[in-house]
Structures are given as C-alpha cells and as structure tokens.
Amino acid sequence: MSIHSIRQLRGVSRRTFLAVGASVLLFAACGTSDQSAVNTVADTVAEASTDTAAPEVSTNKIVSLSATATEMLYAIGAGDQLIAVDKYSNFPAQANAFEPKIDGYEPSVEAIAALEPTTVLIAFDPGSLQSQLEKLGIAVWVGAAATNFDDSYRQITELGELTGKTTEAEALVSSMKSEIETAVSSMALPDAPISYFYELDNTYFSVTSNTFVGQIMAQFNLQNIADLAEAGNDYPQLSQEAIISANPQLIFLADTKCCQQDAKTVATRPGWDKIDAVTNGNVVELDDDVASRWGPRVVDLVKQVAGAITAYMSKLK
Amino acid sequence: MTSLNLSGVGVAYGTRNALNDFTDSVKPGEWLCLIGPNGAGKSSLLRSIAGLVKHSGEIRVDGSPLRMRSARRRAQLVAYVPQSPILPDDMTAREYVVLGRNPFISHFGTETKHDWKIVDDVLHRLDLNDFAYRAVGTLSGGEKQRVVIARAIAQESPILLLDEPTNALDIGHQQQALELVDKLRQEHGLTVVSAMHDLTLAGLYSDRLCLLHQGYCVSSGSAAEVLRAETLAEFYGVSVRVHHEPDGTVVVVPFRHMETSSDI
Amino acid sequence: MSTREDSIARTGWLVGRWWIPAAAVAMCAALLLGAMVGPAGPTWWRVPLALLDRLPLISLDSGISPREWTIIWQIRMPRVVLAALVGATLSLSGACYQGVFRNPLVDPYLLGVAAGAGLGATVVFTVNRSGSSSWIVDPLPLVAFAGGLIAVAVTYLVGAAFGGQRSAATLVLSGVAVTSLATAMQTFVLQRNTEVIRQVYSWILGRLSSATWSDVRLVLPYVILSCGVLFAHRRLLDVMRVGDDEAAALGASVKRIRIAVVIAATLGTSAVVAVSGLIGFVGIIVPHAVRLLVGASYRLILPLSFLLGASFLIVADIPGRILQNPSETPIGVVTAFLGAPFFLLLLRTRQGTR
C-alpha cells in the first residue's frame, strides 16, 4: 500500500468515524428495538449499507466452512444462526463446541443438505460445491481470502446484510478501522524501515509484502527480507543462510501452534543467535490463526505488531 | 507345393554379420535341413524367411518376392516354429492352436466355424484330443511340442520353418515329432526348412543338408556328401566317426581318444 | 469328438459365457446400491421407487420430497454413473495395457498419463489461484486431459526415437522417464506456489464427490470411443500373448496393434482422469481379480474388467460418503486401502498354485 493511499484511507476513516461514531452513540442510547432511530441515523452516514431493516428473529440456518467467516459472524452477534462449522472454526469457544465438524476441503454435499441450511459460507470452492448446493436451493456466500483491508470490511458488511445484523456489522467495521488507525498513527515510526522476517512454518516458508499480512507489516514501514527472494512467488521458502545474513531486526513467528516454535526454540537454532532480533529479544510469537485469518482479530494482530515495534524502539534507546 | 528361393540373403546385427550372402533354392516339397555350430546363422536365416528380421538380398516364394507381401499374406505362406516358443501357461491347447488361424481372420473379426473345424481336425490328427481343453502349461514337453506343431499346421501354409524342433525332447519324442512332420509334409506337400543340432537325425529326415559356418554355407548336398568326418572336424571342431548303414543312413558318432585303445 | 469332449466343451462354453451376464447384473446392482446409500437423502427403499417413477410409462408414489429427489438425481446419480464410467475405463485400459506390454504390473498410468494430467491440473490451480473463475468453460478438465495426452505422445516419440515401437520394454522405460520429468516439473511449480498444494493434493487423491451431469457428458464420448476400440482388439490381445515375434510371424501387425491400443486407452484414461483426478489401483486390481476368476483369455478379461471395474468403483465410493460423515474420504484413499491387501492375497494365491 502506498503512503498516499494510506493517507486517503485515514482521511475517509476520520469522516466515517465521526459519522458512525455518532450513530453508534445514538443507537446505544435508544436501544436495539428502536428501528426508526436506527434508520434516521443510518441515512446520514456516507457509507451506510442500504438494506432495509432485517427481521428481529432471524430464520437463517447457516453452515460456515470458513473459519474467518465464523469469527465474523460471532463478532456481529449472529453466532446463534450457525448450525454447523468446519474443522478450522475454532474461535470463539462457542464455535469450537460444534460437533461434528465438516472438512472444508472434502465436504459431503449430502450431509450438508441434510442439515437443511439456508446459507453456506465458504472461503473457496473445493470443487463444484457451490453449484451442487445451489441446485439444492441452498444459498452460497463466498468470502475469498482477503488481499487487503477493504475486502475484509466488505465481507463483514455482506455478512451483516445476510444475517440481518447490518448495524452491528457497520459498528464492527468502523471500530476495526478506528482501532487499526489508532494503532498505526500512535506509533512514532523510525525513519529507516525496520527489517523483519515472517516465519510461516518451521521449514522457513515466509510471505512477501504482496500478501495481506505483508501489507499490514508494510503499514508500519517494516521491510520484509523475503521480498526479493523469489520473483513472482509470494510464499517463498528462505534458506537459513539467507535469513541469518539478512539479519532482521524483528522476527514474527506464525508457527507457534502448528509447529511449536517460540522465542526459546528460535534461540537454540544453530547460527540464529547471531541475528539481531534474537540477541535483542525481538522475536514476536503470533497466534497462527490470528495471523492467517482476515476477520475481526486482524485488529489484535495489528496491535501486537505495534506493541512489538514499540518494544523494539525502547530497546534501541 | 511351393518353392522357396533365397538369393544373396544376409542378416546383420549391428556390426556383426550373422549371415552372409546365402543363396539356395528349395524345391517344392523338399526338406532342407540347416546344420552348423552355434552362431552359424541358422536361426537368422529362418527368422529372415519368417520376416522377423531385416535382411539384404531376395527371398521368393513361387517366384514372387516375400518382401512385397503384407505380414498377413506372408503368414499365410510361411509358418514359423521358433526355438523356444512362448506357451502362455493358462491358455488351453485349443485356444493356442486357433492362433494359427490368425492370418485368415480379419483384423477385428473372430474365428468362424470353419476355423474351429480346422483346429479340431488338426488336434485330432496330432492325437491331442484329450488335451484340447487343458491348459498348455500342464502339458509335458512332448505334448507341448505337438501343440506347437499343431498351431503351425493349422496355419495351412505351404512352407514350414522349424528352428530346433527337437531340442527339449527325449529320444522317443524326438522321433515322434520328426515322423509327424514328415508325414504331414507328404500329406500336404509342405516345403520344410529346419535347423537342427542332431546330425544323424538331420541326415535321416531331410532331403538335403546345408552346413553353415560363420554365416556362410560351406557345404551343401545329401547327407552322405555333407556329413564327412573331415568336414565336421573342420567346422564343428569335433572328433567324429561317420558310419554308413546298409540302407543308406549316415550315422555320426562322436569318439573319444582313449589311451589304451587304438584309433581309427 | 467323443461325448466326453462335448461335455467338457459345453461346460467350458457355459462357464465362460455365464460370467458376462452375471457381471452385468452385478453392475446394475451396484448402480442401485450407490443410488440408495448416502449420509442424507430419503430412506433407502424409496430410492428405487423414485427412480422407477421417472420411467416413461410407470407412475409410482415414492413419497420423497423434491429436495430429496434433487439429492438423488443431481448429487448422487451423476456420482454413481461417473464412478461406473471411470472404473470401467480404468480397468479396461489396465487390462489392455497388460496385454499389450505382457506385464502384470502395468496400470493405465504407465506411459505418463497421470503425471501429465497432474502437471496440467497443477498449472490450472496455480493460474486460477485467486479463486475467481472468470473462464467461460472450466479449464481444469481440458488442461488435465491435454496434459495426459501430451505426456503419452512424448513418451511415444521418445520411445520410437530410441528404436522402440517394436519393443515394449523401450516404451515402458520411456514412460518412466516422462513420468519422472512431468512429476519433477509439477513439484517445481508447486514449490513456487505453495498455497495451492492442498487443492492439488486433493485432486491427486481422486474425487467423485463433486461429480455433475456435465462431467458425465464431458467424459462419455471419449469413454465410448476408447472402450469401443479396445473391445475390438480382444482377439488380437490373445494373439499378442505369444510374444511380439511369434505374433508377427502369425501375421499380426504388432506395431499397429500396440499403437491403436495405447492411443485408445490413453484417450479414455485421460478423459476420466481429467474429471475425477488420479484414482489408483483400479486399473491393476480389477484385471488381476478377473484373471483369477476366469483365466487369461482377453475375450473374457476385457468385458469382465469393464463391468466389474464399474461395479468395484461404485461400491468403493460408498464408504467414502459415510466413514467421515459429514466430510468425505477421498476415493483414492479407499482404493489404496483395498489395493494393498488385495495384492497380498494375489501373491498368496499365486504361491499356492505354483
């Protein structure tokens, strides 16, 4: 993302923040049952969703095969509309409680049909799933992996329309935007970009700045050592020598859950004790799921990164 | 009855010449037997007539060149029994013999009643009735040999090529097989070219012999003319005695130099 | 012929002929079973009623809802029919390859079809990675199909260049080389695009669960053409059993037969692989099982491989729907689980007869 577009985003965010913030206050004051109040306030908002008010008690029965969509649903208060989730939907705890869980890569269309859902949420189609479900009269919502924040916000908004939680969705989007903006703008970034290594798994697969997570890092003016590793490959595998010689100042571990890596195990890797990030204690342990999804917890990721940079800066002094 | 004419036939495997400039004329109904040490070119000659190997020179059947014919037409004229025929274990004798009818069945066609009649006929004449529905793998060596010959006969081709037909057989079955071939030759007017190791049997059954050595025909003629002790000593490197029986049979007998007995 | 031979002949005739209608009945039963069993849908005995009801002159009340009918007709039936087509084609191709290369360990993927199709699929997944299908026609089956054909063509050209249309062994070695090359290229592409690994792996394992009627329509002409040509060669495959040399001496054009069989088998195999991925073991197991049952004449092996191959895959597809309900177990896993013990059984039986 260029600086120009970030500034544009910030400008728009301020206006939206003011407008939506006002509506949120009014909304909270009047209570959820006051539909007319909500409508009036909604009209004044520039980027309000245009749906008419959804019914009070939703008759939706939703199956979510996307872990991110599950998180989004719970975040907008539509978690009670879920009747089944996939194997990776492990957050929040209520989602994790569903049994049995469906494999999103090998779903059984018949079994899903037997649950008689109204809508199925997917992040990708493992093969004819959408067409088969639609033949059975089941609506399918596709929320593909986000490549930037706007994708994520749009998906939350769409889910809000789908579940009749438009206001909650708007609120979530605006709060996400403002929190992210706060986190970014409250940082005193150094002039020189800070180099970092993002570890996807313990065989040193990484991501470039073209990915969603890479763009988050770029917002903080961080420089990714994997960017020039392999032209055209956004998920390159780096060699240990390359990582050590690049000497990143920060290391982000996105394999703490899958591969049991943490600051200690990194320090024991031969040769890695020479890396600045290791010697200065700037190895950041991320939650795999938080780092790989594009739902509401993206905010947590952004805050964690901001915190890591702050810690780094303080150690410099 | 069909004549077979070979002129200047040569077979080369890479740089090695297995057969050089072989010229001969087999009269209709004649039995020519090729003899010679291992690697002399006997098999190569038979394979070239059967169309299995590239050769130089010309091979004619009844005057017209074999090269011009399609594989099917060639198979209708020439039946080839190889040295070690492949007999699929679980094929019945009947199924095996009907393979000989292949040259007469259209590419995608199946056997007709006529074909099966010929097969049953041949099995009967070769005394293989009891084995018709038995798997070929369960037969003894002699029975297997008869089945292979049966296949060649079912092909109804006027020229029969036999490569070492008696190698794996005991003396009784050797005689049986050769008598059979001779009988069929007379009945059907077949022209036979065979390659054999047993010199006595070769002389006994064939009309004419041809001794091959390193790809050349070094001696050709009747048994008495070709089977001489000096000739055999020179080309086989073997010590033999050659007897002539009263009825004209030439018998080749190897002998050993014993210290106590005197040589002839 | 004596009466003893007559009775043996008659028995042999009967035994041989009896197998084919029996196998046809087995296939119909399998089709029905496949339609009746599933994790959802109507109770099993309603299904045949519903299917019969669809026939022109019959009207029955099966008591199923429209949604249940959609499950049967749009979700289950295409899957069962595709399983039949794939199983039949792979088994028939495997049997013919075994005949033409005279090697019992040969399967229809021998000459590079699998590797070529896999490479094609990998390329499509990589290019299409964003998930947005902006193509008018789904490119996956087309590219996989082309990949399979191209790989076999390369195998043939390379094999022929090294003196091998007559020699079966050269062709097989050439196939091994081409397979290795295509697999290496596939690995390289995957390495650079790791985010599609899961999808490619899923495709490689083989999948019938996403079958639609359009998949069936796509595959049908190739299957008909391929199987038609292969059936026509059944007598010739018996002739080939005595070896290339003797077959040639019997007037069979070995080269032409081999090319025709390879082309026809490749066409069929490529087509079914393109829509169902790489389902393994069917092409080897079924022809061998048939051999154990009826002996080695290709006149029986070919039709029985076709019919029993169809039945086998239909039945093998059923556990996949049920074992990990509400998820699917890939069919490649099921056939592999069946394949390994089968080979052991085969080994044991062969030991016994020797």
# chains A, B, ... in the order shown; residues from 1 in each chain; ligands from 1

call {"tool": "interface_residues", "arguments": {"of": "chain C", "to": "chain A", "cutoff": "7 Å", "atoms": "only C-alpha atoms", "output": "list in words"}}
result
Pro39, Ala40, Gly41, Arg67, Thr70, Ile71, Ile75, Gly131, Arg192, Asn193, Thr194, Ser210, Arg321, Asn325, Pro326, Ser327 and Glu328 of chain C

call {"tool": "closest_atom_pairs", "arguments": {"of": "chain C", "to": "chain B", "cutoff": "6 Å", "atoms": "only C-alpha atoms", "output": "JSON lines"}}
result
{"residue": "C:Ala232", "atom": "CA", "partner": "B:Phe108", "partner_atom": "CA", "distance": 5.7}
{"residue": "C:Val242", "atom": "CA", "partner": "B:Ile86", "partner_atom": "CA", "distance": 5.2}
{"residue": "C:Leu250", "atom": "CA", "partner": "B:Ala75", "partner_atom": "CA", "distance": 5.4}
{"residue": "C:Gly251", "atom": "CA", "partner": "B:Arg72", "partner_atom": "CA", "distance": 4.0}

call {"tool": "select_by_dssp", "arguments": {"residues": "stretch 1-50 of chain B", "states": "helix (DSSP H, G or I)", "output": "list in words"}}
result
Lys42, Ser43, Ser44, Leu45, Leu46, Arg47, Ser48, Ile49 and Ala50 of chain B

call {"tool": "residues_around", "arguments": {"residues": "A:Val184", "least_positions_apart": "2", "cutoff": "12 Å", "atoms": "only C-alpha atoms", "output": "number ranges by chain"}}
result
A: 6-7, 10, 177-182, 186-189, 216-221, 299, 301-307, 309-310

call {"tool": "write_last_selection", "arguments": {"atoms": "C-alpha atoms", "output": "mmCIF file, in the first residue's frame"}}
result
data_model
loop_
_atom_site.group_PDB
_atom_site.id
_atom_site.type_symbol
_atom_site.label_atom_id
_atom_site.label_comp_id
_atom_site.auth_asym_id
_atom_site.auth_seq_id
_atom_site.Cartn_x
_atom_site.Cartn_y
_atom_site.Cartn_z
ATOM 1 C CA ILE A 6 -2.877 5.153 3.471
ATOM 2 C CA ARG A 7 -3.425 8.859 3.942
ATOM 3 C CA ARG A 10 -7.083 7.796 7.113
ATOM 4 C CA LYS A 177 -10.938 0.802 11.193
ATOM 5 C CA SER A 178 -10.546 3.171 14.094
ATOM 6 C CA GLU A 179 -8.574 0.759 16.228
ATOM 7 C CA ILE A 180 -6.234 -0.004 13.394
ATOM 8 C CA GLU A 181 -5.826 3.644 12.601
ATOM 9 C CA THR A 182 -5.134 4.411 16.234
ATOM 10 C CA SER A 186 0.000 6.440 17.579
ATOM 11 C CA MET A 187 3.325 4.952 16.666
ATOM 12 C CA ALA A 188 6.378 7.054 16.283
ATOM 13 C CA LEU A 189 7.898 5.233 13.375
ATOM 14 C CA ILE A 216 -0.184 -4.999 7.477
ATOM 15 C CA MET A 217 3.529 -5.011 8.191
ATOM 16 C CA ALA A 218 4.173 -2.524 5.425
ATOM 17 C CA GLN A 219 1.769 -0.079 7.073
ATOM 18 C CA PHE A 220 4.268 0.154 9.868
ATOM 19 C CA ASN A 221 7.046 0.853 7.425
ATOM 20 C CA VAL A 299 -7.065 -5.778 14.906
ATOM 21 C CA LEU A 301 -2.612 -8.703 15.049
ATOM 22 C CA VAL A 302 -2.099 -5.051 14.224
ATOM 23 C CA LYS A 303 -1.940 -4.150 17.904
ATOM 24 C CA GLN A 304 0.536 -6.937 18.574
ATOM 25 C CA VAL A 305 2.768 -5.756 15.772
ATOM 26 C CA ALA A 306 2.549 -2.192 17.052
ATOM 27 C CA GLY A 307 3.480 -3.383 20.501
ATOM 28 C CA ILE A 309 7.726 -2.253 17.342
ATOM 29 C CA THR A 310 7.325 -0.133 20.422
#

call {"tool": "residues_around", "arguments": {"residues": "stretch 330-345 of chain C", "least_positions_apart": "6", "cutoff": "7 Å", "atoms": "only C-alpha atoms", "output": "compact mmCIF listing (two decimals) with N, CA and C atoms, in the first residue's frame"}}
result
# COMPACT_ATOMS: atom_id res chain seq x y z
N LEU C 205 -5.62 -37.13 -5.11
CA LEU C 205 -6.21 -38.27 -4.43
C LEU C 205 -7.43 -38.82 -5.16
N GLY C 206 -7.95 -38.04 -6.07
CA GLY C 206 -9.12 -38.52 -6.80
C GLY C 206 -10.39 -38.10 -6.10
N ARG C 207 -11.36 -37.65 -6.88
CA ARG C 207 -12.57 -37.18 -6.25
C ARG C 207 -13.77 -37.44 -7.15
N ILE C 279 -7.32 -41.73 -9.60
CA ILE C 279 -7.79 -42.80 -8.72
C ILE C 279 -6.91 -44.00 -9.01
N GLY C 280 -6.20 -44.46 -8.02
CA GLY C 280 -5.23 -45.50 -8.26
C GLY C 280 -5.76 -46.88 -7.95
N PHE C 281 -5.01 -47.89 -8.34
CA PHE C 281 -5.27 -49.29 -8.03
C PHE C 281 -6.36 -49.95 -8.84
N ILE C 285 -5.90 -53.75 -9.97
CA ILE C 285 -6.62 -54.75 -9.17
C ILE C 285 -7.65 -55.49 -10.00
N ALA C 316 -16.75 -48.91 -4.08
CA ALA C 316 -15.66 -48.29 -3.31
C ALA C 316 -15.99 -46.85 -2.96
N ASP C 317 -16.84 -46.23 -3.73
CA ASP C 317 -17.18 -44.84 -3.47
C ASP C 317 -18.11 -44.70 -2.28
N GLY C 320 -16.66 -43.86 1.31
CA GLY C 320 -16.15 -42.50 1.36
C GLY C 320 -17.20 -41.50 1.81

call {"tool": "select_by_dssp", "arguments": {"residues": "stretch 7-147 of chain B", "states": "strand (DSSP E)", "output": "PyMOL selection string"}}
result
chain B and resi 7-13+16-26+31-35+56-61+64-65+78-81

call {"tool": "residues_around", "arguments": {"residues": "C:Ala26", "least_positions_apart": "4", "cutoff": "10 Å", "atoms": "only C-alpha atoms", "output": "number ranges by chain"}}
result
C: 20-22, 30-32, 307-308, 310-312

call {"tool": "write_last_selection", "arguments": {"atoms": "N, CA and C atoms", "output": "PDB file, in the first residue's frame"}}
result
ATOM      1  N   ILE C  20     -20.269 -63.196 -18.019  1.00  0.00           N
ATOM      2  CA  ILE C  20     -20.555 -61.839 -18.507  1.00  0.00           C
ATOM      3  C   ILE C  20     -21.931 -61.339 -18.089  1.00  0.00           C
ATOM      4  N   PRO C  21     -22.990 -62.098 -18.298  1.00  0.00           N
ATOM      5  CA  PRO C  21     -24.274 -61.594 -17.807  1.00  0.00           C
ATOM      6  C   PRO C  21     -24.276 -61.410 -16.288  1.00  0.00           C
ATOM      7  N   ALA C  22     -23.571 -62.309 -15.570  1.00  0.00           N
ATOM      8  CA  ALA C  22     -23.520 -62.160 -14.113  1.00  0.00           C
ATOM      9  C   ALA C  22     -22.875 -60.837 -13.747  1.00  0.00           C
ATOM     10  N   ALA C  30     -24.887 -52.714  -8.324  1.00  0.00           N
ATOM     11  CA  ALA C  30     -24.013 -51.702  -7.735  1.00  0.00           C
ATOM     12  C   ALA C  30     -24.559 -50.305  -7.976  1.00  0.00           C
ATOM     13  N   LEU C  31     -25.039 -50.063  -9.192  1.00  0.00           N
ATOM     14  CA  LEU C  31     -25.616 -48.751  -9.510  1.00  0.00           C
ATOM     15  C   LEU C  31     -26.764 -48.434  -8.557  1.00  0.00           C
ATOM     16  N   LEU C  32     -27.597 -49.448  -8.351  1.00  0.00           N
ATOM     17  CA  LEU C  32     -28.741 -49.248  -7.469  1.00  0.00           C
ATOM     18  C   LEU C  32     -28.279 -48.995  -6.040  1.00  0.00           C
ATOM     19  N   LEU C 307     -17.068 -54.401 -16.793  1.00  0.00           N
ATOM     20  CA  LEU C 307     -18.248 -54.465 -15.933  1.00  0.00           C
ATOM     21  C   LEU C 307     -17.878 -54.492 -14.457  1.00  0.00           C
ATOM     22  N   LEU C 308     -16.892 -55.308 -14.110  1.00  0.00           N
ATOM     23  CA  LEU C 308     -16.533 -55.411 -12.692  1.00  0.00           C
ATOM     24  C   LEU C 308     -15.777 -54.175 -12.220  1.00  0.00           C
ATOM     25  N   ALA C 310     -16.474 -51.159 -13.194  1.00  0.00           N
ATOM     26  CA  ALA C 310     -17.530 -50.207 -12.892  1.00  0.00           C
ATOM     27  C   ALA C 310     -18.131 -50.511 -11.528  1.00  0.00           C
ATOM     28  N   SER C 311     -18.459 -51.782 -11.306  1.00  0.00           N
ATOM     29  CA  SER C 311     -19.076 -52.169 -10.033  1.00  0.00           C
ATOM     30  C   SER C 311     -18.155 -51.850  -8.865  1.00  0.00           C
ATOM     31  N   PHE C 312     -16.876 -52.191  -9.038  1.00  0.00           N
ATOM     32  CA  PHE C 312     -15.913 -52.000  -7.959  1.00  0.00           C
ATOM     33  C   PHE C 312     -15.848 -50.543  -7.529  1.00  0.00           C
TER      34      PHE C 312
END

call {"tool": "residues_around", "arguments": {"residues": "A:Leu73", "least_positions_apart": "3", "cutoff": "9 Å", "atoms": "only C-alpha atoms", "output": "count of residues only"}}
result
14

call {"tool": "atom_distance", "arguments": {"atom1": "atom CA of C:Leu110", "atom2": "atom CA of C:Leu173"}}
result
9.5 Å

call {"tool": "closest_residue", "arguments": {"among": "C:Ile284, C:Ala260, C:Ile58, C:Leu237", "to": "C:Leu300", "atoms": "only C-alpha atoms"}}
result
C:Leu237
